[in-house]
Amino acid sequence: MENKTAIVTGTSSGFGLSTSVELARKGFTVIAAMRNCNKSSMLLQEARKHGVESKIIVHELDVTYEESIQAFKSWIKEEFGRVDVLINNAGYAGAGFVEEVSMDEYRKQFETNVFGVFAVTKAFLPLMRMQKQGCIINISSISGKVAFPGLSPYVASKYAIEGWSESLRLEMQPFGVKVVLIEPGSYKTNIWSTGKQVAEESLLLHSPYKDYMQSIERYIAEGENSFGNPEDVAKKIAEIATLENPGIRYPIGRGVKAAIFLKNFLPWRLWEKTIISKLFVK
C-alpha cells in the first residue's frame, strides 16, 4: 500500500479520524479532508501516537461547496495524479419529529450527507474510471436500513445513500471501480452533536411530541455504555480498502445484523409494535 492514496472526508473526529490513522498504519498516503483545518489537532496527535504522522496530509474541504470540491480535486490531481480509495464519511445526524423539523433543516441535512457525497464522488469518478481501479466506501448507517422515530432527517439521508450506492456500484463495476457501504450501529462518536439543536423543538413543553422524544432520549442514554469503539469500524474500513473484490454491504456493531434481519422478516405490524413499545413510554 506504500504507493496507494486514500481520501477520507470528515476527519476531525469519529470514524474519519480513526480511519485516517488506520489507513496510514496500513501504508496508505492519507489525505484527511475536513471543513476546518484548525480542528486537526486530535487527528495529528493520534497519528503521532502511532508513528504515522508523515503519512497523513490534512487538507481543507467543505463537501457542501462546489468551489471547495473543485479546488480539492485540482490539488489532488496535481499532487498525486490518482486516487485509490475514496471514503465518504463527512456527515452529521439531524433529529426531531417531522412536524417540527423545518424544510431548511432537511435541506441542510441532505446538503452534507447526500449531495456532499454525490459531489465529492463525481469529482473523482473520471480519474478512477481512467485508472480502471479504485474503491469508493460510503459510510452509511443501520439507519439506512432500519428507520426510527425522531430521526427522520438522518434516516432519510442514509436511505438515499444506500440506493444511490447500489446504482453507482452497478455503473462502475465494468470499469474496475468498487463501491461499498459500511453500515455501523451505535458508536462513541460525536455525530449527534451537530444535529442536536434540531431535536430541541420536540423537547419543549408546548410540543405534542415531548414525552415521545424524552422516551427516545432515555432509551439512547441507557444504551450508551454498550456503544462500540470507532476504531473497530476504522479497522473494518481499512481491511475493505485492501480487498481486491469487496462485497457491497458491511453491517457492523452490536445488534446491527439482528435488527436488519428482524426488520426484513417480521410482519410490519409486529415490528411497529415492538419499536413503539420500546421507545414510547409515558
# chains A, B, ... in the order shown; residues from 1 in each chain; ligands from 1

$ residues_around --residues "stretch 58-74 of chain A" --least-positions-apart "6" --cutoff "6 Å" --atoms "only C-alpha atoms" --output "list in words"
Ile31, Ala32, Ala33, Met34, Arg35, Cys37, Glu111, Thr112 and Gly116 of chain A

$ select_by_dssp --residues "stretch 62-281 of chain A" --states "alpha helix (DSSP H)" --output "CSV table (one decimal) with C-alpha atoms, in the first residue's frame"
chain,number,residue,atom,x,y,z
A,66,GLU,CA,-18.7,23.1,-5.3
A,67,GLU,CA,-15.8,25.6,-5.3
A,68,SER,CA,-14.1,23.8,-2.4
A,69,ILE,CA,-14.6,20.4,-4.1
A,70,GLN,CA,-13.2,21.6,-7.4
A,71,ALA,CA,-10.2,23.2,-5.7
A,72,PHE,CA,-9.6,20.0,-3.7
A,73,LYS,CA,-9.9,17.9,-6.9
A,74,SER,CA,-7.4,20.1,-8.8
A,75,TRP,CA,-4.9,19.8,-5.9
A,76,ILE,CA,-5.2,16.0,-5.7
A,77,LYS,CA,-4.7,15.6,-9.5
A,78,GLU,CA,-1.6,17.9,-9.4
A,79,GLU,CA,0.0,16.4,-6.3
A,103,MET,CA,-37.6,22.3,5.5
A,104,ASP,CA,-34.3,24.2,5.8
A,105,GLU,CA,-33.1,21.7,8.3
A,106,TYR,CA,-34.0,18.8,5.9
A,107,ARG,CA,-32.1,20.6,3.1
A,108,LYS,CA,-29.1,21.2,5.3
A,109,GLN,CA,-29.0,17.5,6.3
A,110,PHE,CA,-29.2,16.4,2.6
A,116,GLY,CA,-22.0,16.2,-0.5
A,117,VAL,CA,-21.3,12.5,-1.1
A,118,PHE,CA,-22.6,12.8,-4.6
A,119,ALA,CA,-20.5,15.8,-5.5
A,120,VAL,CA,-17.2,14.6,-4.0
A,121,THR,CA,-17.7,11.2,-5.7
A,122,LYS,CA,-18.5,12.7,-9.0
A,123,ALA,CA,-15.3,14.8,-8.8
A,124,PHE,CA,-13.1,11.7,-8.7
A,125,LEU,CA,-15.1,9.2,-10.8
A,126,PRO,CA,-13.3,10.2,-14.1
A,127,LEU,CA,-9.9,9.6,-12.5
A,128,MET,CA,-10.9,6.3,-11.1
A,129,ARG,CA,-12.6,5.2,-14.3
A,130,MET,CA,-9.5,6.0,-16.3
A,131,GLN,CA,-7.3,4.2,-13.8
A,152,SER,CA,-36.2,11.3,10.0
A,153,PRO,CA,-33.6,13.8,8.6
A,154,TYR,CA,-30.7,11.4,9.3
A,155,VAL,CA,-32.7,8.3,8.4
A,156,ALA,CA,-33.8,9.7,5.0
A,157,SER,CA,-30.3,10.8,4.1
A,158,LYS,CA,-28.9,7.3,4.8
A,159,TYR,CA,-31.7,5.6,2.9
A,160,ALA,CA,-30.8,7.8,0.0
A,161,ILE,CA,-27.1,6.9,0.2
A,162,GLU,CA,-28.0,3.2,0.3
A,163,GLY,CA,-30.0,3.3,-3.0
A,164,TRP,CA,-27.5,5.6,-4.7
A,165,SER,CA,-24.6,3.4,-3.8
A,166,GLU,CA,-26.3,0.4,-5.4
A,167,SER,CA,-26.8,2.2,-8.6
A,168,LEU,CA,-23.2,3.5,-8.6
A,169,ARG,CA,-21.8,0.1,-7.9
A,170,LEU,CA,-23.6,-1.4,-10.9
A,171,GLU,CA,-22.4,1.5,-13.1
A,172,MET,CA,-18.7,1.4,-12.1
A,196,LYS,CA,-28.8,18.1,18.4
A,197,GLN,CA,-30.3,21.5,18.3
A,198,VAL,CA,-32.9,20.4,15.7
A,199,ALA,CA,-34.4,17.9,18.2
A,210,LYS,CA,-42.2,16.0,24.2
A,211,ASP,CA,-43.0,12.7,26.0
A,212,TYR,CA,-42.1,10.6,23.0
A,213,MET,CA,-38.8,12.5,22.4
A,214,GLN,CA,-37.9,12.2,26.1
A,215,SER,CA,-38.5,8.5,25.9
A,216,ILE,CA,-36.3,8.1,22.9
A,217,GLU,CA,-33.5,10.1,24.6
A,218,ARG,CA,-33.7,8.0,27.7
A,219,TYR,CA,-33.6,4.8,25.6
A,220,ILE,CA,-30.4,6.1,23.8
A,221,ALA,CA,-28.8,7.2,27.1
A,222,GLU,CA,-29.5,3.8,28.7
A,230,PRO,CA,-15.0,3.7,16.5
A,231,GLU,CA,-11.6,2.1,16.0
A,232,ASP,CA,-13.4,-1.2,15.2
A,233,VAL,CA,-15.2,0.5,12.3
A,234,ALA,CA,-11.9,2.0,11.2
A,235,LYS,CA,-10.2,-1.4,11.1
A,236,LYS,CA,-13.0,-2.8,9.1
A,237,ILE,CA,-12.8,0.1,6.6
A,238,ALA,CA,-9.0,-0.4,6.3
A,239,GLU,CA,-9.5,-4.1,5.7
A,240,ILE,CA,-12.1,-3.5,3.0
A,241,ALA,CA,-9.8,-0.9,1.3
A,256,VAL,CA,-27.0,-4.5,13.9
A,257,LYS,CA,-27.3,-7.7,11.9
A,258,ALA,CA,-30.1,-8.9,14.1
A,259,ALA,CA,-32.0,-5.6,13.8
A,260,ILE,CA,-31.7,-5.7,10.0
A,261,PHE,CA,-32.8,-9.3,9.9
A,262,LEU,CA,-35.9,-8.8,12.1
A,263,LYS,CA,-36.9,-5.6,10.2
A,264,ASN,CA,-36.8,-7.6,6.9
A,265,PHE,CA,-38.6,-10.7,8.1
A,268,TRP,CA,-44.7,-4.8,9.8
A,269,ARG,CA,-47.4,-4.7,12.5
A,270,LEU,CA,-45.3,-6.8,14.8
A,271,TRP,CA,-42.1,-4.8,14.1
A,272,GLU,CA,-44.0,-1.5,14.6
A,273,LYS,CA,-45.5,-2.7,17.9
A,274,THR,CA,-42.0,-3.8,19.1
A,275,ILE,CA,-40.3,-0.5,18.3
A,276,ILE,CA,-43.0,1.8,19.7
A,277,SER,CA,-43.3,-0.2,22.9
A,278,LYS,CA,-39.6,0.2,23.5
A,279,LEU,CA,-39.4,3.9,22.6

$ closest_residue --among "A:Ser102, A:Thr5, A:Asn113, A:Ser226" --to "A:Leu23" --atoms "only C-alpha atoms"
A:Thr5

$ closest_residue --among "A:Thr9, A:Asn3, A:Ser186, A:Pro149" --to "A:Gly81" --atoms "only C-alpha atoms"
A:Asn3

$ closest_residue --among "A:Gly223, A:Gly185, A:Gly96, A:Gly14" --to "A:Gly150" --atoms "only C-alpha atoms"
A:Gly96

$ select_by_dssp --residues "stretch 35-275 of chain A" --states "strand (DSSP E)" --output "PyMOL selection string"
chain A and resi 56-60+85-88+134-139+177-184+249-252

$ atom_distance --atom1 "atom CA of A:Gln173" --atom2 "atom CA of A:Pro246"
11.3 Å

$ atom_distance --atom1 "atom CA of A:Phe227" --atom2 "atom CA of A:Thr19"
17.6 Å

$ closest_residue --among "A:Ile57, A:Gly27, A:Leu17, A:Arg249" --to "A:Leu43" --atoms "only C-alpha atoms"
A:Leu17

$ closest_residue --among "A:Leu86, A:Val114, A:Val146, A:Ile139" --to "A:Phe15" --atoms "only C-alpha atoms"
A:Ile139

$ atom_distance --atom1 "atom CA of A:Val179" --atom2 "atom CA of A:Ile136"
4.8 Å

$ closest_residue --among "A:Arg254, A:Lys145, A:Lys26, A:Lys132" --to "A:Val83" --atoms "only C-alpha atoms"
A:Lys132

$ decode --residues "stretch 88-106 of chain A" --atoms "N, CA and C atoms" --output "CSV table (one decimal), in the first residue's frame"
chain,number,residue,atom,x,y,z
A,88,ASN,N,-16.2,8.4,1.8
A,88,ASN,CA,-17.2,9.5,2.1
A,88,ASN,C,-17.7,9.3,3.5
A,89,ASN,N,-17.2,10.0,4.4
A,89,ASN,CA,-17.5,9.9,5.8
A,89,ASN,C,-18.2,11.2,6.4
A,90,ALA,N,-17.9,12.4,5.8
A,90,ALA,CA,-18.4,13.6,6.3
A,90,ALA,C,-19.9,13.6,6.5
A,91,GLY,N,-20.4,14.0,7.6
A,91,GLY,CA,-21.9,14.0,7.9
A,91,GLY,C,-22.2,14.3,9.3
A,92,TYR,N,-23.5,14.5,9.5
A,92,TYR,CA,-24.0,14.6,10.9
A,92,TYR,C,-25.4,14.1,11.0
A,93,ALA,N,-25.9,14.0,12.2
A,93,ALA,CA,-27.3,13.3,12.4
A,93,ALA,C,-28.3,14.4,12.8
A,94,GLY,N,-29.2,14.7,12.0
A,94,GLY,CA,-30.3,15.6,12.4
A,94,GLY,C,-31.4,14.8,13.0
A,95,ALA,N,-32.1,15.4,14.0
A,95,ALA,CA,-33.1,14.7,14.7
A,95,ALA,C,-34.3,15.6,14.9
A,96,GLY,N,-35.4,15.0,15.4
A,96,GLY,CA,-36.6,15.8,15.6
A,96,GLY,C,-37.8,15.1,14.9
A,97,PHE,N,-39.0,15.4,15.3
A,97,PHE,CA,-40.2,14.9,14.7
A,97,PHE,C,-40.6,15.7,13.5
A,98,VAL,N,-41.1,15.0,12.5
A,98,VAL,CA,-41.3,15.5,11.1
A,98,VAL,C,-42.0,16.9,11.2
A,99,GLU,N,-43.1,16.9,11.9
A,99,GLU,CA,-43.9,18.1,12.0
A,99,GLU,C,-43.1,19.3,12.5
A,100,GLU,N,-42.1,19.1,13.3
A,100,GLU,CA,-41.3,20.2,13.9
A,100,GLU,C,-39.9,20.4,13.3
A,101,VAL,N,-39.6,19.6,12.3
A,101,VAL,CA,-38.3,19.8,11.6
A,101,VAL,C,-38.6,20.7,10.4
A,102,SER,N,-37.9,21.8,10.3
A,102,SER,CA,-38.1,22.8,9.2
A,102,SER,C,-37.6,22.2,7.9
A,103,MET,N,-38.1,22.7,6.8
A,103,MET,CA,-37.6,22.3,5.5
A,103,MET,C,-36.1,22.7,5.3
A,104,ASP,N,-35.7,23.8,5.9
A,104,ASP,CA,-34.3,24.2,5.8
A,104,ASP,C,-33.4,23.2,6.5
A,105,GLU,N,-33.9,22.7,7.6
A,105,GLU,CA,-33.1,21.7,8.3
A,105,GLU,C,-33.0,20.4,7.5
A,106,TYR,N,-34.1,20.0,6.8
A,106,TYR,CA,-34.0,18.8,5.9
A,106,TYR,C,-33.0,19.1,4.8
